[in-house]
Every structure is written in C-alpha cells, then in structure tokens.
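These notes are about the structure you will find just below.
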Amino acid sequence: MGLQVSEEVPQDYLSEVQHILFHEDFMALEEYTQHQWTNRFMHSVNVSYLSWFIARKLGCDASAAARAGLLHDFCLFDFKEETPEGEHPAFYHPKAAAENSVRTFQISAREEEAIRSHMFPLGPMPKNKEAWIITLADKVCATMEFCHVAIALSRKNRLVVGGASA
Ligand SMILES: [Fe+2]
Ligand SMILES: [Fe+2]
C-alpha cells in the first residue's frame, strides 16, 4: 500500500508525522471502516491535521497535537467486536491506542494522556490543551464523516491511500 500526498499538504505538518504515517502497522488502519463512510486511517489523518492546525493557531504544542491526533484510534481491531475483558469499545479503545502508541512510537507522556482522554465525556477528562483539541477535532471529524462530508486531508485528494508513490 502506498500513499499519495499532494503538494497542498504543508511540509511542516508532514515532517511531524511521517515516521508514523508511513509505518506499516499504522497503515494497517486502512483495513478498518470508521464512521460508515471512511476508514480508520483517513479518520486518524484528519483528526491529526485538524488538531495540528488548531494547536498552531492557539500557540499550543502542534507537534504533540499532530502525533496524538494521528494515534488516537491506533487499534487493530474492529470496534464492533467484543473487547478482551468485555469493556465497552468506547472506553477500551483509547487505552489500547495509548498502549500501542507507546510501544510502537515511543510517544511522550503528554501525547499518551491526550490519546487516553479523547473520548471525553466517555472516559477521563482531558488534562492538557492538546488533549482538549484532539477531543474536539475527533468529534468534528466524526460528525463530518457521518454526514459524508470530506474534511481536512480527505478534501481534493490531498492524501490518497493506495497510490503508487510514497
Ligand atoms: Fe476514538
Ligand atoms: Fe476517532
């Protein structure tokens, strides 16, 4: 699987996330449908980009927002399946994503915290600004995706999964 990234995608955004974006474990998120219309890979990219954009505007840590946004749903299981201990997926998947992200990408404590709280008010309250931004961006992207509206990097073929180039 390749990725086609248009020149419209800011280089300073890409430089923060490309080690994750092109990692084969992360690319495997493309196999999972998300919000009916999209897949978990594109949903994650959109949450990441929107979080990065907002964090920059607000003078927050845009790198942390971009990375935690990208990894907030980094779980390789179908959210409709039963979880290992029977916990509801809404509460289970942020913890699983945080653990997977720490193990695979050695993210910071601040990024891990943001991933763990992204489902607020389901689960813990965000404890830092970037965590609040990701919680908001996730809900905005999910709403747009449910409405079949292309947002952020889904728009205008800015980032296309499955292209020949990487
Ligand atoms: Fe999530
Ligand atoms: Fe999400």
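As shown in the structure tokens, the chain order sets the letters A, B, ...; within each chain, residues go from 1, and ligands are also counted from 1 in the order they appear.
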
Env of Phe91 of chain A: 12 Å cut, atoms = only C-alpha atoms, seq-sep filter 6 positions within chain, self excluded. Answer as a VMD selection string. chain A and resid 73 79 83 85 97 115 to 124

Shell of 10 Å around Thr104 of chain A, only C-alpha atoms, local chain residues under 2 positions omitted, as a list in words: Ile20, His23, Asp25, Phe26, Ala98, Glu99, Asn100, Ser101, Val102, Gln106 and Ile107 of chain A

Show me which residues line ligand 2, defined as having an atom within 7 Å of a ligand atom where only C-alpha atoms and all ligand atoms count, and present them as a PyMOL selection string. chain A and resi 43-44+72-73+138+142

Considering only C-alpha atoms, return as a PyMOL selection string whatever protein or nucleic-acid residues lie within 7 Å of segment 28-39 of chain A, sequence-local ones (same chain, fewer than 6 positions apart) excluded. chain A and resi 76+78+142+145-146+148

If you keep N, CA and C atoms, can you produce a file of those selected residues as a PDB file, in the first residue's frame?
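Written out: result_36.pdb:
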ATOM      1  N   LEU A  76      -5.776  -2.114  16.220  1.00  0.00           N
ATOM      2  CA  LEU A  76      -6.011  -3.003  15.085  1.00  0.00           C
ATOM      3  C   LEU A  76      -7.069  -4.040  15.458  1.00  0.00           C
ATOM      4  N   ASP A  78     -11.671  -4.507  15.195  1.00  0.00           N
ATOM      5  CA  ASP A  78     -12.944  -3.926  14.791  1.00  0.00           C
ATOM      6  C   ASP A  78     -13.686  -3.451  16.043  1.00  0.00           C
ATOM      7  N   ALA A 142     -15.655  13.149  13.121  1.00  0.00           N
ATOM      8  CA  ALA A 142     -16.638  12.053  13.130  1.00  0.00           C
ATOM      9  C   ALA A 142     -17.988  12.550  12.611  1.00  0.00           C
ATOM     10  N   GLU A 145     -17.784  13.033   8.905  1.00  0.00           N
ATOM     11  CA  GLU A 145     -17.699  11.737   8.222  1.00  0.00           C
ATOM     12  C   GLU A 145     -19.068  11.041   8.187  1.00  0.00           C
ATOM     13  N   PHE A 146     -19.801  11.130   9.291  1.00  0.00           N
ATOM     14  CA  PHE A 146     -21.156  10.557   9.304  1.00  0.00           C
ATOM     15  C   PHE A 146     -22.037  11.235   8.255  1.00  0.00           C
ATOM     16  N   HIS A 148     -20.975  12.311   5.474  1.00  0.00           N
ATOM     17  CA  HIS A 148     -20.353  12.098   4.159  1.00  0.00           C
ATOM     18  C   HIS A 148     -19.756  13.390   3.598  1.00  0.00           C
TER      19      HIS A 148
END

Measuring between only C-alpha atoms, which one of A:Arg158, A:Lys139, A:Lys129, A:His19 shows the shortest distance to Gly59 of chain A?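 Comparing A:Arg158, A:Lys139, A:Lys129, A:His19 against Gly59 of chain A, the winner is A:Lys129.
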
Residues of segment 7-90 of chain A in helix (DSSP H, G or I) according to DSSP, as a PyMOL selection string? chain A and resi 11-21+24-31+40-58+62-71+89-90
